[in-house]
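Text of protein-v4.pdb (PDB, C-alpha atoms, pLDDT in the B column) as supplied:
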ATOM      1  CA  THR A   8     145.812-123.840 -49.217  1.00 57.00           C
ATOM      2  CA  GLY A   9     147.311-120.628 -47.932  1.00 72.00           C
ATOM      3  CA  THR A  10     144.697-118.618 -49.807  1.00 78.00           C
ATOM      4  CA  PRO A  11     142.245-116.805 -47.525  1.00 70.00           C
ATOM      5  CA  LYS A  12     138.592-117.544 -48.169  1.00 73.00           C
ATOM      6  CA  GLY A  13     135.312-116.529 -46.671  1.00 80.00           C
ATOM      7  CA  VAL A  14     132.804-118.907 -45.105  1.00 84.00           C
ATOM      8  CA  VAL A  15     129.160-117.870 -45.223  1.00 88.00           C
ATOM      9  CA  VAL A  16     127.801-118.618 -41.752  1.00 88.00           C
ATOM     10  CA  THR A  17     124.167-117.563 -41.513  1.00 91.00           C
ATOM     11  CA  HIS A  18     122.319-116.162 -38.518  1.00 92.00           C
ATOM     12  CA  GLY A  19     120.422-119.475 -38.420  1.00 92.00           C
ATOM     13  CA  ASN A  20     123.683-121.449 -38.261  1.00 91.00           C
ATOM     14  CA  LEU A  21     124.914-119.296 -35.397  1.00 91.00           C
ATOM     15  CA  ALA A  22     121.582-119.427 -33.549  1.00 91.00           C
ATOM     16  CA  ASN A  23     121.650-123.248 -33.738  1.00 90.00           C
ATOM     17  CA  LYS A  24     125.185-123.282 -32.372  1.00 90.00           C
ATOM     18  CA  MET A  25     124.473-120.906 -29.493  1.00 91.00           C
ATOM     19  CA  LEU A  26     121.344-122.823 -28.452  1.00 89.00           C
ATOM     20  CA  ALA A  27     123.295-126.090 -28.455  1.00 88.00           C
ATOM     21  CA  LEU A  28     126.063-124.612 -26.290  1.00 90.00           C
ATOM     22  CA  VAL A  29     123.699-122.831 -23.891  1.00 90.00           C
ATOM     23  CA  SER A  30     122.076-126.191 -23.219  1.00 86.00           C
ATOM     24  CA  ASP A  31     125.288-128.264 -23.164  1.00 87.00           C
ATOM     25  CA  PHE A  32     127.242-125.796 -21.017  1.00 89.00           C
ATOM     26  CA  GLY A  33     124.426-124.770 -18.654  1.00 90.00           C
ATOM     27  CA  VAL A  34     124.763-121.062 -19.450  1.00 94.00           C
ATOM     28  CA  ASN A  35     122.863-118.782 -17.050  1.00 94.00           C
ATOM     29  CA  GLU A  36     123.185-115.389 -15.322  1.00 95.00           C
ATOM     30  CA  ALA A  37     126.226-116.539 -13.337  1.00 95.00           C
ATOM     31  CA  PHE A  38     128.139-117.611 -16.474  1.00 96.00           C
ATOM     32  CA  ARG A  39     131.163-115.333 -17.033  1.00 96.00           C
ATOM     33  CA  SER A  40     133.222-116.061 -20.138  1.00 95.00           C
ATOM     34  CA  ALA A  41     136.798-114.835 -20.646  1.00 95.00           C
ATOM     35  CA  LEU A  42     136.995-112.918 -23.939  1.00 94.00           C
ATOM     36  CA  PHE A  43     140.595-112.868 -25.137  1.00 91.00           C
ATOM     37  CA  ILE A  44     140.653-114.386 -28.632  1.00 87.00           C
ATOM     38  CA  PRO A  45     141.097-111.810 -31.434  1.00 84.00           C
ATOM     39  CA  SER A  46     137.894-111.028 -33.325  1.00 81.00           C
ATOM     40  CA  SER A  47     139.480-112.328 -36.568  1.00 79.00           C
ATOM     41  CA  PHE A  48     139.279-115.861 -35.118  1.00 81.00           C
ATOM     42  CA  ASP A  49     135.868-117.571 -35.258  1.00 82.00           C
ATOM     43  CA  ALA A  50     136.029-118.838 -31.669  1.00 83.00           C
ATOM     44  CA  SER A  51     135.795-115.228 -30.450  1.00 86.00           C
ATOM     45  CA  ILE A  52     132.117-115.363 -31.425  1.00 86.00           C
ATOM     46  CA  GLU A  53     131.533-118.090 -28.835  1.00 86.00           C
ATOM     47  CA  GLN A  54     133.391-116.179 -26.137  1.00 89.00           C
ATOM     48  CA  THR A  55     131.302-113.089 -26.880  1.00 91.00           C
ATOM     49  CA  LEU A  56     127.788-114.330 -27.659  1.00 92.00           C
ATOM     50  CA  LEU A  57     127.494-117.478 -25.555  1.00 93.00           C
ATOM     51  CA  PRO A  58     127.341-115.748 -22.158  1.00 94.00           C
ATOM     52  CA  LEU A  59     125.078-112.985 -23.480  1.00 94.00           C
ATOM     53  CA  VAL A  60     122.536-115.444 -24.941  1.00 92.00           C
ATOM     54  CA  GLY A  61     122.202-117.082 -21.527  1.00 90.00           C
ATOM     55  CA  GLY A  62     122.084-113.854 -19.503  1.00 94.00           C
ATOM     56  CA  GLY A  63     125.725-113.994 -18.365  1.00 95.00           C
ATOM     57  CA  ALA A  64     128.682-111.713 -19.117  1.00 96.00           C
ATOM     58  CA  ALA A  65     131.684-111.634 -21.458  1.00 95.00           C
ATOM     59  CA  VAL A  66     134.739-110.437 -19.511  1.00 96.00           C
ATOM     60  CA  ILE A  67     137.274-108.709 -21.769  1.00 95.00           C
ATOM     61  CA  ILE A  68     140.798-109.828 -20.883  1.00 94.00           C
ATOM     62  CA  SER A  69     143.328-107.029 -21.409  1.00 92.00           C
ATOM     63  CA  ASP A  70     146.063-107.355 -24.042  1.00 91.00           C
ATOM     64  CA  ASP A  71     148.849-107.327 -21.464  1.00 92.00           C
ATOM     65  CA  ALA A  72     147.116-110.018 -19.373  1.00 93.00           C
ATOM     66  CA  ARG A  73     146.632-112.203 -22.427  1.00 91.00           C
ATOM     67  CA  GLU A  74     150.410-112.360 -22.837  1.00 90.00           C
ATOM     68  CA  ALA A  75     151.437-112.690 -19.163  1.00 93.00           C
ATOM     69  CA  PRO A  76     150.328-115.762 -17.194  1.00 93.00           C
ATOM     70  CA  GLN A  77     150.296-114.121 -13.742  1.00 92.00           C
ATOM     71  CA  LYS A  78     148.238-111.159 -14.967  1.00 93.00           C
ATOM     72  CA  PHE A  79     145.931-113.505 -16.895  1.00 95.00           C
ATOM     73  CA  TRP A  80     145.045-115.586 -13.833  1.00 94.00           C
ATOM     74  CA  ASP A  81     144.798-112.502 -11.631  1.00 93.00           C
ATOM     75  CA  GLN A  82     142.295-110.917 -14.015  1.00 94.00           C
ATOM     76  CA  LEU A  83     140.266-114.136 -14.265  1.00 95.00           C
ATOM     77  CA  ASN A  84     140.121-114.327 -10.466  1.00 93.00           C
ATOM     78  CA  SER A  85     139.291-110.659  -9.881  1.00 93.00           C
ATOM     79  CA  ALA A  86     136.536-110.717 -12.544  1.00 95.00           C
ATOM     80  CA  ALA A  87     135.093-114.010 -11.221  1.00 95.00           C
ATOM     81  CA  VAL A  88     135.392-115.694 -14.638  1.00 96.00           C
ATOM     82  CA  THR A  89     133.684-119.103 -14.667  1.00 96.00           C
ATOM     83  CA  PHE A  90     134.345-120.222 -18.280  1.00 96.00           C
ATOM     84  CA  VAL A  91     137.473-120.283 -20.435  1.00 96.00           C
ATOM     85  CA  SER A  92     137.636-121.556 -24.011  1.00 94.00           C
ATOM     86  CA  CYS A  93     140.940-121.787 -25.899  1.00 93.00           C
ATOM     87  CA  VAL A  94     143.357-124.048 -27.748  1.00 92.00           C
ATOM     88  CA  PRO A  95     145.452-126.427 -25.607  1.00 94.00           C
ATOM     89  CA  SER A  96     148.766-124.844 -26.650  1.00 94.00           C
ATOM     90  CA  TYR A  97     147.670-121.427 -25.346  1.00 94.00           C
ATOM     91  CA  LEU A  98     146.558-122.867 -22.020  1.00 95.00           C
ATOM     92  CA  GLU A  99     149.841-124.754 -21.756  1.00 94.00           C
ATOM     93  CA  THR A 100     151.764-121.455 -21.900  1.00 92.00           C
ATOM     94  CA  MET A 101     149.541-120.079 -19.119  1.00 93.00           C
ATOM     95  CA  LEU A 102     149.876-123.058 -16.762  1.00 91.00           C
ATOM     96  CA  HIS A 103     153.444-122.170 -15.762  1.00 84.00           C
ATOM     97  CA  GLN A 104     152.384-119.447 -13.326  1.00 85.00           C
ATOM     98  CA  VAL A 105     148.990-120.456 -11.959  1.00 89.00           C
ATOM     99  CA  PRO A 106     148.502-118.994  -8.486  1.00 87.00           C
ATOM    100  CA  ALA A 107     147.173-121.305  -5.796  1.00 84.00           C
ATOM    101  CA  GLY A 108     143.421-121.578  -5.523  1.00 83.00           C
ATOM    102  CA  VAL A 109     142.513-120.832  -9.153  1.00 87.00           C
ATOM    103  CA  SER A 110     139.278-122.520 -10.160  1.00 90.00           C
ATOM    104  CA  LEU A 111     136.874-122.502 -13.096  1.00 94.00           C
ATOM    105  CA  ASP A 112     133.415-123.969 -13.454  1.00 95.00           C
ATOM    106  CA  HIS A 113     134.099-124.935 -17.059  1.00 95.00           C
ATOM    107  CA  LEU A 114     137.082-125.195 -19.404  1.00 96.00           C
ATOM    108  CA  ALA A 115     136.535-125.868 -23.127  1.00 95.00           C
ATOM    109  CA  LEU A 116     139.502-126.792 -25.320  1.00 95.00           C
ATOM    110  CA  GLY A 117     139.522-127.204 -29.089  1.00 92.00           C
ATOM    111  CA  GLY A 118     141.380-126.673 -32.320  1.00 89.00           C
ATOM    112  CA  GLU A 119     144.273-129.025 -31.480  1.00 91.00           C
ATOM    113  CA  ALA A 120     144.866-132.550 -30.201  1.00 91.00           C
ATOM    114  CA  PHE A 121     144.167-132.843 -26.478  1.00 92.00           C
ATOM    115  CA  THR A 122     146.227-135.454 -24.643  1.00 92.00           C
ATOM    116  CA  ILE A 123     145.471-137.342 -21.443  1.00 92.00           C
ATOM    117  CA  GLN A 124     148.809-136.153 -20.073  1.00 92.00           C
ATOM    118  CA  PHE A 125     147.799-132.524 -20.610  1.00 94.00           C
ATOM    119  CA  LYS A 126     144.378-133.138 -19.009  1.00 93.00           C
ATOM    120  CA  ASN A 127     146.137-134.523 -15.929  1.00 92.00           C
ATOM    121  CA  ASN A 128     148.461-131.524 -15.845  1.00 92.00           C
ATOM    122  CA  ILE A 129     145.484-129.133 -15.991  1.00 93.00           C
ATOM    123  CA  GLN A 130     143.767-130.924 -13.118  1.00 91.00           C
ATOM    124  CA  ARG A 131     146.937-130.733 -10.998  1.00 90.00           C
ATOM    125  CA  GLN A 132     147.190-126.962 -11.492  1.00 91.00           C
ATOM    126  CA  ILE A 133     143.597-125.685 -11.677  1.00 92.00           C
ATOM    127  CA  GLY A 134     140.378-126.618  -9.941  1.00 91.00           C
ATOM    128  CA  VAL A 135     138.025-127.282 -12.866  1.00 94.00           C
ATOM    129  CA  GLY A 136     134.441-128.407 -12.456  1.00 93.00           C
ATOM    130  CA  ARG A 137     134.090-129.567 -16.046  1.00 95.00           C
ATOM    131  CA  ILE A 138     136.346-129.938 -19.105  1.00 96.00           C
ATOM    132  CA  THR A 139     134.984-130.272 -22.639  1.00 96.00           C
ATOM    133  CA  ASN A 140     136.922-131.146 -25.785  1.00 96.00           C
ATOM    134  CA  LEU A 141     135.499-129.335 -28.825  1.00 95.00           C
ATOM    135  CA  TYR A 142     136.039-130.145 -32.483  1.00 93.00           C
ATOM    136  CA  GLY A 143     134.830-128.681 -35.732  1.00 89.00           C
ATOM    137  CA  PRO A 144     135.791-126.576 -38.719  1.00 87.00           C
ATOM    138  CA  THR A 145     134.639-123.000 -39.295  1.00 85.00           C
ATOM    139  CA  GLU A 146     132.395-124.382 -42.044  1.00 89.00           C
ATOM    140  CA  ALA A 147     130.320-126.064 -39.340  1.00 90.00           C
ATOM    141  CA  THR A 148     130.003-122.825 -37.318  1.00 90.00           C
ATOM    142  CA  ILE A 149     133.088-123.086 -35.123  1.00 88.00           C
ATOM    143  CA  ASP A 150     132.548-126.450 -33.337  1.00 90.00           C
ATOM    144  CA  SER A 151     130.179-129.267 -34.130  1.00 93.00           C
ATOM    145  CA  ILE A 152     131.394-132.170 -32.018  1.00 94.00           C
ATOM    146  CA  SER A 153     132.074-132.246 -28.281  1.00 94.00           C
ATOM    147  CA  TYR A 154     133.282-134.625 -25.636  1.00 95.00           C
ATOM    148  CA  PRO A 155     132.770-134.195 -21.882  1.00 94.00           C
ATOM    149  CA  VAL A 156     136.119-135.235 -20.412  1.00 94.00           C
ATOM    150  CA  GLY A 157     135.827-137.729 -17.564  1.00 86.00           C
ATOM    151  CA  ALA A 158     137.970-137.965 -14.464  1.00 77.00           C
ATOM    152  CA  GLU A 159     139.494-141.204 -15.749  1.00 79.00           C
ATOM    153  CA  GLU A 160     140.331-141.406 -19.465  1.00 79.00           C
ATOM    154  CA  ALA A 161     142.172-144.204 -21.266  1.00 78.00           C
ATOM    155  CA  GLY A 162     144.545-143.891 -24.203  1.00 80.00           C
ATOM    156  CA  PRO A 163     146.973-141.154 -25.191  1.00 87.00           C
ATOM    157  CA  ARG A 164     144.377-138.620 -26.476  1.00 88.00           C
ATOM    158  CA  ILE A 165     140.968-137.329 -25.477  1.00 92.00           C
ATOM    159  CA  PRO A 166     138.318-138.313 -28.083  1.00 92.00           C
ATOM    160  CA  ILE A 167     136.684-135.573 -30.158  1.00 92.00           C
ATOM    161  CA  GLY A 168     133.292-136.907 -29.091  1.00 93.00           C
ATOM    162  CA  ARG A 169     129.808-136.888 -30.564  1.00 94.00           C
ATOM    163  CA  PRO A 170     127.787-134.370 -32.575  1.00 94.00           C
ATOM    164  CA  MET A 171     126.279-131.446 -30.694  1.00 93.00           C
ATOM    165  CA  SER A 172     122.564-130.754 -30.798  1.00 90.00           C
ATOM    166  CA  GLY A 173     121.526-129.863 -34.355  1.00 90.00           C
ATOM    167  CA  TYR A 174     124.495-131.668 -35.955  1.00 93.00           C
ATOM    168  CA  ARG A 175     125.098-135.125 -37.415  1.00 94.00           C
ATOM    169  CA  ALA A 176     128.486-136.761 -38.028  1.00 95.00           C
ATOM    170  CA  TYR A 177     129.408-139.722 -40.210  1.00 95.00           C
ATOM    171  CA  VAL A 178     132.676-141.561 -40.818  1.00 96.00           C
ATOM    172  CA  LEU A 179     132.638-142.664 -44.465  1.00 97.00           C
ATOM    173  CA  ASP A 180     134.943-144.521 -46.874  1.00 96.00           C
ATOM    174  CA  ASP A 181     136.031-143.381 -50.361  1.00 95.00           C
ATOM    175  CA  GLY A 182     132.687-144.569 -51.772  1.00 96.00           C
ATOM    176  CA  LEU A 183     130.775-142.468 -49.178  1.00 95.00           C
ATOM    177  CA  GLU A 184     129.659-145.599 -47.333  1.00 96.00           C
ATOM    178  CA  PRO A 185     129.773-145.798 -43.506  1.00 96.00           C
ATOM    179  CA  VAL A 186     132.855-147.590 -42.181  1.00 96.00           C
ATOM    180  CA  PRO A 187     132.599-150.175 -39.372  1.00 95.00           C
ATOM    181  CA  SER A 188     133.431-149.088 -35.839  1.00 89.00           C
ATOM    182  CA  GLY A 189     137.189-148.748 -35.360  1.00 88.00           C
ATOM    183  CA  VAL A 190     137.955-148.426 -39.085  1.00 94.00           C
ATOM    184  CA  ALA A 191     139.534-145.217 -40.389  1.00 94.00           C
ATOM    185  CA  GLY A 192     137.587-143.012 -42.772  1.00 96.00           C
ATOM    186  CA  GLU A 193     136.701-139.399 -43.525  1.00 95.00           C
ATOM    187  CA  LEU A 194     134.564-137.376 -41.117  1.00 94.00           C
ATOM    188  CA  TYR A 195     131.460-135.794 -42.697  1.00 95.00           C
ATOM    189  CA  ILE A 196     129.415-133.249 -40.759  1.00 94.00           C
ATOM    190  CA  ALA A 197     125.815-132.255 -41.483  1.00 94.00           C
ATOM    191  CA  GLY A 198     123.035-130.346 -39.775  1.00 92.00           C
ATOM    192  CA  ALA A 199     121.660-126.934 -38.975  1.00 91.00           C
ATOM    193  CA  GLY A 200     125.101-125.478 -38.176  1.00 90.00           C
ATOM    194  CA  LEU A 201     126.627-126.185 -41.573  1.00 90.00           C
ATOM    195  CA  ALA A 202     127.607-122.976 -43.401  1.00 90.00           C
ATOM    196  CA  ARG A 203     126.046-122.057 -46.738  1.00 89.00           C
ATOM    197  CA  GLY A 204     127.569-123.965 -49.665  1.00 85.00           C
ATOM    198  CA  TYR A 205     128.855-126.959 -47.696  1.00 83.00           C
TER
END

Show me, as C-alpha cells, the structure contained in the file I just sent.
Amino acid sequence: TGTPKGVVVTHGNLANKMLALVSDFGVNEAFRSALFIPSSFDASIEQTLLPLVGGGAAVIISDDAREAPQKFWDQLNSAAVTFVSCVPSYLETMLHQVPAGVSLDHLALGGEAFTIQFKNNIQRQIGVGRITNLYGPTEATIDSISYPVGAEEAGPRIPIGRPMSGYRAYVLDDGLEPVPSGVAGELYIAGAGLARGY
C-alpha cells in the first residue's frame, strides 16, 4: 500500500522459525553466516540469530565489501563463511567478479523469483554444496516455505516448495476451498510462525 505498518512477531514465532531452520539447514558450530542485510529488513534476523542458535558465528560483512563484488568474495573467503542468504538480484550483481575457487556449504535465496537459468549460472561460478529457495511474507516470520534445489530442475522457475516445520500451507479458491493440483488459487499460510493478528 505504500503505508508502513508493523507486524507483531512474537518470541514464540521466532523460536519456531529458528528451530525449523537449524534442523533444515544443519546448523552447528562450523556454521558461519554472512551478515550483510540492514537490520531494518526482516531477513537480517535469520543472518544474525540462526548461526548463534546452533553454536556457529555471524560474520559481519563490511559496508564497502557489501557494495563491491571482489571485496565481498574476499571477505567471505578470509572469514571462512559457509552460509549466505540473500535475494537473487543481489547475488546476481555479485557474480560478475567471483574469484576462482569460491565455495559455500549453503546458499539460501528468497524474496524474488528464482529461475533455472540463474541457478545454472550460480553453479558455473560458485561451488555450492546446497541451494535452498525460501518463500514467505514477514507476517509468517520471514520465510515459511522452502525448496531444496536439485542438480537437475525442469521448467523456467524453481518452485517455492513445501511448508517448513511448524507451518502449514493451503492453496484455496475464492470460497476458501482447496483447489485441485495444478489449479491456480490463493496461498494461505498457518502455523506456529504466523505473526499475531494474522

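Selection result for the displayed file, with the PyMOL selection byres ((chain A and resi 138) around 6) as criterion, is His113, Leu114, Ala115, Arg137, Thr139 and Val156 of chain A.
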
* Go through the shown structure with the PyMOL selection byres ((chain A and resi 19) around 12) and write out the matching residues as a PyMOL selection string. => chain A and resi 15-18+20-26+147-148+173+198-203

Would you mind exporting the chosen residues as a compact mmCIF listing (two decimals), in the coordinates of the input, restricted to C-alpha atoms?
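again-v3.txt written:
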# COMPACT_ATOMS: atom_id res chain seq x y z
CA VAL A 15 129.16 -117.87 -45.22
CA VAL A 16 127.80 -118.62 -41.75
CA THR A 17 124.17 -117.56 -41.51
CA HIS A 18 122.32 -116.16 -38.52
CA ASN A 20 123.68 -121.45 -38.26
CA LEU A 21 124.91 -119.30 -35.40
CA ALA A 22 121.58 -119.43 -33.55
CA ASN A 23 121.65 -123.25 -33.74
CA LYS A 24 125.18 -123.28 -32.37
CA MET A 25 124.47 -120.91 -29.49
CA LEU A 26 121.34 -122.82 -28.45
CA ALA A 147 130.32 -126.06 -39.34
CA THR A 148 130.00 -122.82 -37.32
CA GLY A 173 121.53 -129.86 -34.35
CA GLY A 198 123.04 -130.35 -39.78
CA ALA A 199 121.66 -126.93 -38.98
CA GLY A 200 125.10 -125.48 -38.18
CA LEU A 201 126.63 -126.18 -41.57
CA ALA A 202 127.61 -122.98 -43.40
CA ARG A 203 126.05 -122.06 -46.74

* Any idea what the distance is between atom CA of Gln104 of chain A and atom CA of Phe32 of chain A? -> 27.0 Å

Picked residues, the PyMOL selection byres ((chain A and resi 58) around 9), as a PDB file with C-alpha atoms, in the coordinates of the input:
ATOM      1  CA  VAL A  29     123.699-122.831 -23.891  1.00 90.00           C
ATOM      2  CA  VAL A  34     124.763-121.062 -19.450  1.00 94.00           C
ATOM      3  CA  ASN A  35     122.863-118.782 -17.050  1.00 94.00           C
ATOM      4  CA  GLU A  36     123.185-115.389 -15.322  1.00 95.00           C
ATOM      5  CA  ALA A  37     126.226-116.539 -13.337  1.00 95.00           C
ATOM      6  CA  PHE A  38     128.139-117.611 -16.474  1.00 96.00           C
ATOM      7  CA  ARG A  39     131.163-115.333 -17.033  1.00 96.00           C
ATOM      8  CA  SER A  40     133.222-116.061 -20.138  1.00 95.00           C
ATOM      9  CA  GLU A  53     131.533-118.090 -28.835  1.00 86.00           C
ATOM     10  CA  GLN A  54     133.391-116.179 -26.137  1.00 89.00           C
ATOM     11  CA  THR A  55     131.302-113.089 -26.880  1.00 91.00           C
ATOM     12  CA  LEU A  56     127.788-114.330 -27.659  1.00 92.00           C
ATOM     13  CA  LEU A  57     127.494-117.478 -25.555  1.00 93.00           C
ATOM     14  CA  LEU A  59     125.078-112.985 -23.480  1.00 94.00           C
ATOM     15  CA  VAL A  60     122.536-115.444 -24.941  1.00 92.00           C
ATOM     16  CA  GLY A  61     122.202-117.082 -21.527  1.00 90.00           C
ATOM     17  CA  GLY A  62     122.084-113.854 -19.503  1.00 94.00           C
ATOM     18  CA  GLY A  63     125.725-113.994 -18.365  1.00 95.00           C
ATOM     19  CA  ALA A  64     128.682-111.713 -19.117  1.00 96.00           C
ATOM     20  CA  ALA A  65     131.684-111.634 -21.458  1.00 95.00           C
TER      21      ALA A  65
END

* Hey, what's within 10 Å of Gly162 of chain A if we count only C-alpha atoms and toss same-chain stuff fewer than 3 positions away? As a ChimeraX atom specification, please? -> /A:122-124,165-166

* Asked: Of the candidates A:Asn140, A:Ser92, A:Ser46, A:Ser30, which one gets nearest to Arg164 of chain A if we count all atoms listed in the file?
  ->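 Going through A:Asn140, A:Ser92, A:Ser46, A:Ser30 one by one, the smallest distance to Arg164 of chain A is for A:Asn140.
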
* Do you know which residues are at most 6 Å from segment 174-179 of chain A counting only C-alpha atoms, after dropping those on the same chain fewer than 3 positions away, and could you put them as a VMD selection string? -> chain A and resid 170 to 171 183 to 186 192 to 198

* Excluding same-chain residues fewer than 4 positions from Ala86 of chain A, what lies within 10 Å of it counting all atoms listed in the file, as a list in words? ->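 Contacts, in chain order: Arg39, Ser40, Ala41, Val66, Ile67, Ile68, Trp80, Asp81 and Gln82 of chain A.
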
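Nearest-residue note for Ala72 of chain A: choosing from A:Glu146, A:Gln130, A:Tyr205, A:Phe43, the minimum distance belongs to A:Phe43, counting all atoms listed in the file.
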
* For the atom pair atom CA of Lys12 of chain A and atom CA of Leu28 of chain A, what is the interatomic distance in Å to one decimal place? -> 26.2 Å

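Atom CA of Phe48 of chain A sits 14.9 Å away from atom CA of Tyr142 of chain A.
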
Is it possible to get the axis-aligned box enclosing segment 162-177 of chain A (all listed atoms, 4 Å extra per side) as lines of an AutoDock Vina configuration file, with centre and edge lengths in Å rounded to one decimal?
center_x = 134.2
center_y = -136.9
center_z = -32.2
size_x = 33.4
size_y = 22.0
size_z = 24.0

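Nearest-residue note for Val94 of chain A: choosing from A:Asp31, A:Asp49, A:Asp181, A:Glu119, the minimum distance belongs to A:Glu119, counting all atoms listed in the file.
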
* Looking at all atoms listed in the file, which of A:Gly136, A:Gly118, A:Pro163, A:Pro45 is the one that sits closest to Ile149 of chain A? ->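 Nearest to Ile149 of chain A: A:Gly118.
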
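Restricting the calculation to only C-alpha atoms, the smallest distance between Ser172 of chain A and any of A:Ala27, A:Ser110, A:Asp70, A:Pro11 is found for A:Ala27.
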
* Pick from A:Ser51, A:Thr100, A:Gln132, A:Ser188 nearest to Pro76 of chain A, counting only C-alpha atoms ->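 Of the candidates, the smallest distance to Pro76 of chain A is held by A:Thr100.
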